[in-house]
Amino acid sequence: MTRVPPTATARPPTVVRAGRLPLTVLGLCSALAALAAVALPFALGSAVDTLITDGRLPGAALLLCAGLIAADVLLDAAVAILGGTTTATLTARLRTTVLDRVVRAEPRHGAAVAAPGDLTTRLTANAAEAAAVPVATATAVATVLLPLGGIAGLFLIDPWTGLALLAGFPLLLLLLRALVRDTSAAAADYQREQALIATRLTEALDGADTVRASHSAARERARVLAPLTALADHGRRTWTVHGRAVGGSAVLLPLLTFLVLGVGGLRLAAGALSVGELLAVSRYAVLAIGIGALTGALTAISRGRAAARRLAPLLALPGLPHRGLTLPPGGPGTLVLRDVDVVRDGRALLRGITLTVPGGTSMAVVGRSGSGKSLLAAVAGRLTDPDAGTVTVDGVPLDGVDPVRLRDEVGYAFARPELPGATVEEAVAFGAGDPGAARLAEALRAAAADGFVALLPDGARTPLEHAPLSGGERQRLGLARAFAHAGRVLILDDATSSLDTVTERRVQRALAAHTGTRTHLVVAHRVSTAAGADAVAWLHEGGLRAVGAHTTLWADPEYRAVFAARPPEAHPPAHDGGHDPGCAPAHSAAEESAYDEPVTPWPAPARPADGGPLTVPEQR
């Protein structure tokens with residue numbers, strides 16, 4: 001059955017486990033600052049009453065007030081600094097965790113959750129918003145303590161002032177509830193449209209050459225920016241909700257303050273309050289109606305929770321399961337696929353593939369477009385798992401081997417390699433371990449990349465941004481990286497498609513140099529690549545049409561038709577026993593230059609009149 005990732009719940013991901021200590025300290029500092037702010041009005045009122053009644057300067061009370069003010073300021077500064085650093089740390093951890101889940105998951109599962117552009121948005125903007133929720137929550141607790149302390153202070157000084165304030169609280173709570181509900185919905189819609197624009201922009205950048213060649217830049221620009229109208233609508237809706245909340249607060253809070261002070265003035269006139277207590281009431285009223293300051297925190301929390309829900313499916317991606325098996329040391333790299341099926345969206349893309357690549361040999365995989373070549377290459381090295389059947393290397397099932405250790409044993413090179421790293425050297429060295437300078441130099445030579453790298457301003461240490469690379473040069477660096485980290489099996493997924501004939505021959509000779517010590521599985525579109533392999537696996541519509549030597553399969557006109565769409569290339573002579581099977585012998589520089597000239601295609605086999613077997617004529 002097809003493996004699918006588990007359904008993600010709407011529950012936001014947890015990112016606070018590793019940050020409990022700083023969040024605890026942050027909450028404690030916020031709470032202490034709130035307590036200092038709550039105690040200050042009482043201290044001020046007492047100082048005023050002492051000054052009025054005793055006619056002397058209350059030194060102790062003034063020192064207490066100064067201490068409370070200083071504590072409030074210092075603790076607020078600590079909250080600001082610690083909050084910023086904690087948010088940055090949690091953001092980095094969350095991004096690392098999400099990216100780790102994506103990398104460890106089977107690629108098709110990650111692609112099913114988010115397209116590349118959408119994934120970028122989730123890892124950048126959404127991760128930052130989600131990681132801000134713990135800090136916003138910790139500080140929001142202190143924000144709640146202030147109005148609660150203000151209400152408690154009003155009731156302790158004079159219950160009538162507290163009741164006057166509570167009379168308008170239901171309207172304020174309704175205002176905050178609407179803010180949270182509407183902001184969350186608007187933020188989710190905004191983030192969805194933002195991700196759609198990022199996805200389309202990524203697609204346009206990846207296909208920039210196609211857009212330029214088809215003269216469709218204007219149409220592509222319109223397609224990318226089409227969601228901008230909806231994005232603007234959701235943005236306006238967000239700010240409208242926020243504006244209404246702020247506007248309502250701006251009207252309601254002064255009215256509540258006026259009501260509390262009016263009642264306090266009446267109580268002062270009646271002799272129920274002293275001047276100092278009225279001063280404290282005025283300060284507590286300001287703190288009590290400060291619950292409106294929660295609007296900013298609630299908006300941040302609402303946006304963060306909406307962003308967290310977008311990250312939840314990525315955090316729920318299952319890693320590749322394994323049983324802790326290891327490959328036998330020094331094994332030859334025998335690769336066996338047995339009864340392999342791969343199904344996508346109900347369609348069988350590979351059916352009943354049974355194939356053996358003996359250790360230390362090379363096998364080319366050929367077939368028409370859509371026959372399943374790249375998918376077979378992915379299954380062979382466990383970049384994806386088959387839906388049925390098994391894949392083994394040296395007798396060990398790949399689904400039982402730790403994926404991290406498997407990458408040390410099975411390497412890949414692709415047609416369009418990505419080059420992570422700041423310099424050419426770092427791009428080639430990119431991998432699980434450091435191959436060392438000597439192995440890097442050897443890998444560059446094997447990939448025929450040493451020549452153009454030596455011409456760069458700083459050689460292999462040239463920054464990639466200062467090293468304009470052609471498609472073939474990028475491909476050679478990708479090959480060099482694969483050679484630098486190659487284990488017992490090396491899989492080349494059309495990794496020489498952009499190389500000229502002479503360069504491809506050099507790469508083939510480098511591969512042949514490891515005959516007997518490394519197994520090669522090569523997805524091929526060129527005749528010369530297929531001819532250079534020990535055997536050829538011919539795929540047709542997801543099934544294995546035939547396996548055999550290239551010279552034998554060439555007798556079949558349908559096999560020759562597989563290469564018909566490629567530029568004509570010379571078919572090499574059969575192996576004469578003096579070199580690696582199918583691999584071209586060493587050539588002089590003059591002989592290699594001859595490969596740049598047009599060559600005569602191999603003649604079609606002639607069928608005898610008596611209907612006998614096909615015979616391949618000699619090449620002239």
# chains A, B, ... in the order shown; residues from 1 in each chain; ligands from 1
>>> select_by_dssp(residues="range 287-345 of chain A", states="strand (DSSP E)", output="PyMOL selection string")
chain A and resi 335-344
>>> write_last_selection(atoms="C-alpha atoms", output="PDB file, in the first residue's frame")
ATOM      1  CA  LEU A 335      22.440  -4.024  -5.890  1.00  0.00           C
ATOM      2  CA  VAL A 336      19.280  -6.140  -6.151  1.00  0.00           C
ATOM      3  CA  LEU A 337      15.718  -4.976  -6.830  1.00  0.00           C
ATOM      4  CA  ARG A 338      13.119  -7.716  -6.452  1.00  0.00           C
ATOM      5  CA  ASP A 339       9.478  -7.406  -7.543  1.00  0.00           C
ATOM      6  CA  VAL A 340       9.516  -3.622  -7.055  1.00  0.00           C
ATOM      7  CA  ASP A 341       6.278  -1.706  -7.612  1.00  0.00           C
ATOM      8  CA  VAL A 342       5.816   2.046  -7.253  1.00  0.00           C
ATOM      9  CA  VAL A 343       2.327   3.564  -7.339  1.00  0.00           C
ATOM     10  CA  ARG A 344       1.521   7.270  -7.394  1.00  0.00           C
TER      11      ARG A 344
END
>>> closest_residue(among="A:Val522, A:Thr124, A:Ala467, A:Val424", to="Ala307 in chain A", atoms="only C-alpha atoms")
A:Thr124
>>> select_by_dssp(residues="range 209-371 of chain A", states="helix (DSSP H, G or I)", output="mmCIF file with C-alpha atoms, in the first residue's frame")
data_model
loop_
_atom_site.group_PDB
_atom_site.id
_atom_site.type_symbol
_atom_site.label_atom_id
_atom_site.label_comp_id
_atom_site.auth_asym_id
_atom_site.auth_seq_id
_atom_site.Cartn_x
_atom_site.Cartn_y
_atom_site.Cartn_z
ATOM 1 C CA ASP A 209 14.984 30.336 -19.569
ATOM 2 C CA THR A 210 11.691 28.912 -20.830
ATOM 3 C CA VAL A 211 9.867 32.150 -20.043
ATOM 4 C CA ARG A 212 12.525 34.167 -21.845
ATOM 5 C CA ALA A 213 12.585 31.857 -24.859
ATOM 6 C CA ALA A 217 7.417 37.335 -19.342
ATOM 7 C CA ALA A 218 4.363 39.599 -19.186
ATOM 8 C CA ARG A 219 1.976 36.674 -18.938
ATOM 9 C CA GLU A 220 4.137 34.955 -16.309
ATOM 10 C CA ARG A 221 4.378 38.167 -14.304
ATOM 11 C CA ALA A 222 0.591 38.425 -14.361
ATOM 12 C CA ARG A 223 0.276 34.805 -13.215
ATOM 13 C CA VAL A 224 2.696 35.304 -10.321
ATOM 14 C CA LEU A 225 1.044 38.519 -9.161
ATOM 15 C CA LEU A 228 -1.823 40.001 -5.022
ATOM 16 C CA THR A 229 -5.360 41.394 -5.094
ATOM 17 C CA ALA A 230 -6.601 38.770 -2.664
ATOM 18 C CA LEU A 231 -3.475 39.276 -0.537
ATOM 19 C CA ALA A 232 -4.186 43.001 -0.347
ATOM 20 C CA ASP A 233 -7.824 42.303 0.596
ATOM 21 C CA HIS A 234 -6.773 39.999 3.436
ATOM 22 C CA GLY A 235 -4.163 42.537 4.585
ATOM 23 C CA ARG A 236 -6.742 45.307 4.606
ATOM 24 C CA ARG A 237 -9.130 43.032 6.478
ATOM 25 C CA THR A 238 -6.458 42.374 9.108
ATOM 26 C CA TRP A 239 -5.758 46.067 9.599
ATOM 27 C CA THR A 240 -9.479 46.865 9.551
ATOM 28 C CA VAL A 241 -10.060 44.418 12.393
ATOM 29 C CA HIS A 242 -7.104 45.837 14.288
ATOM 30 C CA GLY A 243 -8.185 49.411 13.584
ATOM 31 C CA ARG A 244 -11.705 48.768 14.819
ATOM 32 C CA ALA A 245 -10.339 47.262 18.016
ATOM 33 C CA VAL A 246 -7.980 50.185 18.584
ATOM 34 C CA GLY A 247 -10.675 52.705 17.681
ATOM 35 C CA GLY A 248 -13.183 51.072 19.992
ATOM 36 C CA SER A 249 -10.603 51.002 22.770
ATOM 37 C CA ALA A 250 -9.787 54.669 22.163
ATOM 38 C CA VAL A 251 -13.435 55.552 22.791
ATOM 39 C CA LEU A 252 -14.265 53.076 25.528
ATOM 40 C CA LEU A 253 -11.166 53.359 27.725
ATOM 41 C CA PRO A 254 -11.282 57.148 28.274
ATOM 42 C CA LEU A 255 -14.982 56.838 29.126
ATOM 43 C CA LEU A 256 -14.163 54.200 31.734
ATOM 44 C CA THR A 257 -11.378 56.372 33.142
ATOM 45 C CA PHE A 258 -13.733 59.371 33.311
ATOM 46 C CA LEU A 259 -16.357 57.230 35.058
ATOM 47 C CA VAL A 260 -13.912 55.938 37.680
ATOM 48 C CA LEU A 261 -12.457 59.379 38.383
ATOM 49 C CA GLY A 262 -15.951 60.864 38.592
ATOM 50 C CA VAL A 263 -16.975 58.335 41.225
ATOM 51 C CA GLY A 264 -13.649 58.875 43.008
ATOM 52 C CA GLY A 265 -14.215 62.643 43.089
ATOM 53 C CA LEU A 266 -17.679 62.148 44.588
ATOM 54 C CA ARG A 267 -16.231 59.825 47.191
ATOM 55 C CA LEU A 268 -13.514 62.401 47.986
ATOM 56 C CA ALA A 269 -16.177 65.088 48.440
ATOM 57 C CA VAL A 275 -6.245 62.961 48.406
ATOM 58 C CA GLY A 276 -3.549 60.286 48.311
ATOM 59 C CA GLU A 277 -6.151 57.547 47.832
ATOM 60 C CA LEU A 278 -7.738 59.518 44.975
ATOM 61 C CA LEU A 279 -4.293 59.731 43.365
ATOM 62 C CA ALA A 280 -3.905 55.958 43.775
ATOM 63 C CA VAL A 281 -7.415 55.436 42.313
ATOM 64 C CA SER A 282 -6.479 57.489 39.241
ATOM 65 C CA ARG A 283 -3.318 55.393 38.739
ATOM 66 C CA TYR A 284 -5.124 52.092 39.306
ATOM 67 C CA ALA A 285 -7.821 53.122 36.840
ATOM 68 C CA VAL A 286 -5.129 53.609 34.183
ATOM 69 C CA LEU A 287 -3.682 50.168 34.962
ATOM 70 C CA ALA A 288 -7.126 48.540 34.958
ATOM 71 C CA ILE A 289 -8.127 49.843 31.557
ATOM 72 C CA GLY A 290 -4.667 48.834 30.266
ATOM 73 C CA ILE A 291 -6.256 45.519 29.368
ATOM 74 C CA GLY A 292 -6.733 47.188 26.021
ATOM 75 C CA ALA A 293 -2.963 46.900 25.590
ATOM 76 C CA LEU A 294 -3.623 43.200 25.161
ATOM 77 C CA THR A 295 -4.785 43.904 21.615
ATOM 78 C CA GLY A 296 -1.211 43.900 20.295
ATOM 79 C CA ALA A 297 -0.268 40.736 22.173
ATOM 80 C CA LEU A 298 -3.463 38.962 21.159
ATOM 81 C CA THR A 299 -2.926 39.926 17.522
ATOM 82 C CA ALA A 300 0.611 38.512 17.606
ATOM 83 C CA ILE A 301 -0.602 35.315 19.285
ATOM 84 C CA SER A 302 -3.430 34.902 16.777
ATOM 85 C CA ARG A 303 -1.093 35.341 13.806
ATOM 86 C CA GLY A 304 1.432 33.025 15.416
ATOM 87 C CA ARG A 305 -1.123 30.282 15.969
ATOM 88 C CA ALA A 306 -2.285 30.577 12.370
ATOM 89 C CA ALA A 307 1.344 30.269 11.257
ATOM 90 C CA ALA A 308 1.867 27.298 13.596
ATOM 91 C CA ARG A 309 -1.039 25.482 11.974
ATOM 92 C CA ARG A 310 0.740 25.856 8.634
ATOM 93 C CA LEU A 311 3.885 24.321 10.134
ATOM 94 C CA ALA A 312 2.073 21.424 11.802
ATOM 95 C CA PRO A 313 1.857 19.229 8.639
ATOM 96 C CA LEU A 314 5.617 19.605 8.104
ATOM 97 C CA LEU A 315 6.368 18.693 11.726
#
>>> closest_residue(among="A:Gly487, A:Gly542, A:Pro22, A:Gly433", to="Ser371 in chain A", atoms="only C-alpha atoms")
A:Gly542
>>> atom_distance(atom1="CA of Ala167 in chain A", atom2="CA of Gly153 in chain A")
16.4 Å
>>> residues_around(residues="Ala549 in chain A", least_positions_apart="5", cutoff="12 Å", atoms="only C-alpha atoms", output="MDAnalysis selection string")
chainID A and resid 362:365 530:538 554:555 559 574:575 581:582
>>> atom_distance(atom1="CA of Ala88 in chain A", atom2="CA of Thr120 in chain A")
17.8 Å
>>> closest_residue(among="A:Asp450, A:Asp402, A:Glu203, A:Asp394", to="Gly319 in chain A", atoms="only C-alpha atoms")
A:Asp402
>>> residues_around(residues="Thr326 in chain A", least_positions_apart="6", cutoff="8 Å", atoms="only C-alpha atoms", output="PDB file with C-alpha atoms, in the first residue's frame")
ATOM      1  CA  VAL A 396      20.890  -6.000   3.375  1.00  0.00           C
ATOM      2  CA  VAL A 401      19.565   0.676   7.158  1.00  0.00           C
ATOM      3  CA  ASP A 402      19.854   3.998   8.983  1.00  0.00           C
ATOM      4  CA  ARG A 405      24.620   5.834   7.256  1.00  0.00           C
TER       5      ARG A 405
END
>>> closest_residue(among="A:Leu146, A:Ile151, A:Leu553, A:Ala36", to="Leu64 in chain A", atoms="only C-alpha atoms")
A:Ala36
>>> atom_distance(atom1="CA of Leu119 in chain A", atom2="CA of Gly431 in chain A")
22.4 Å
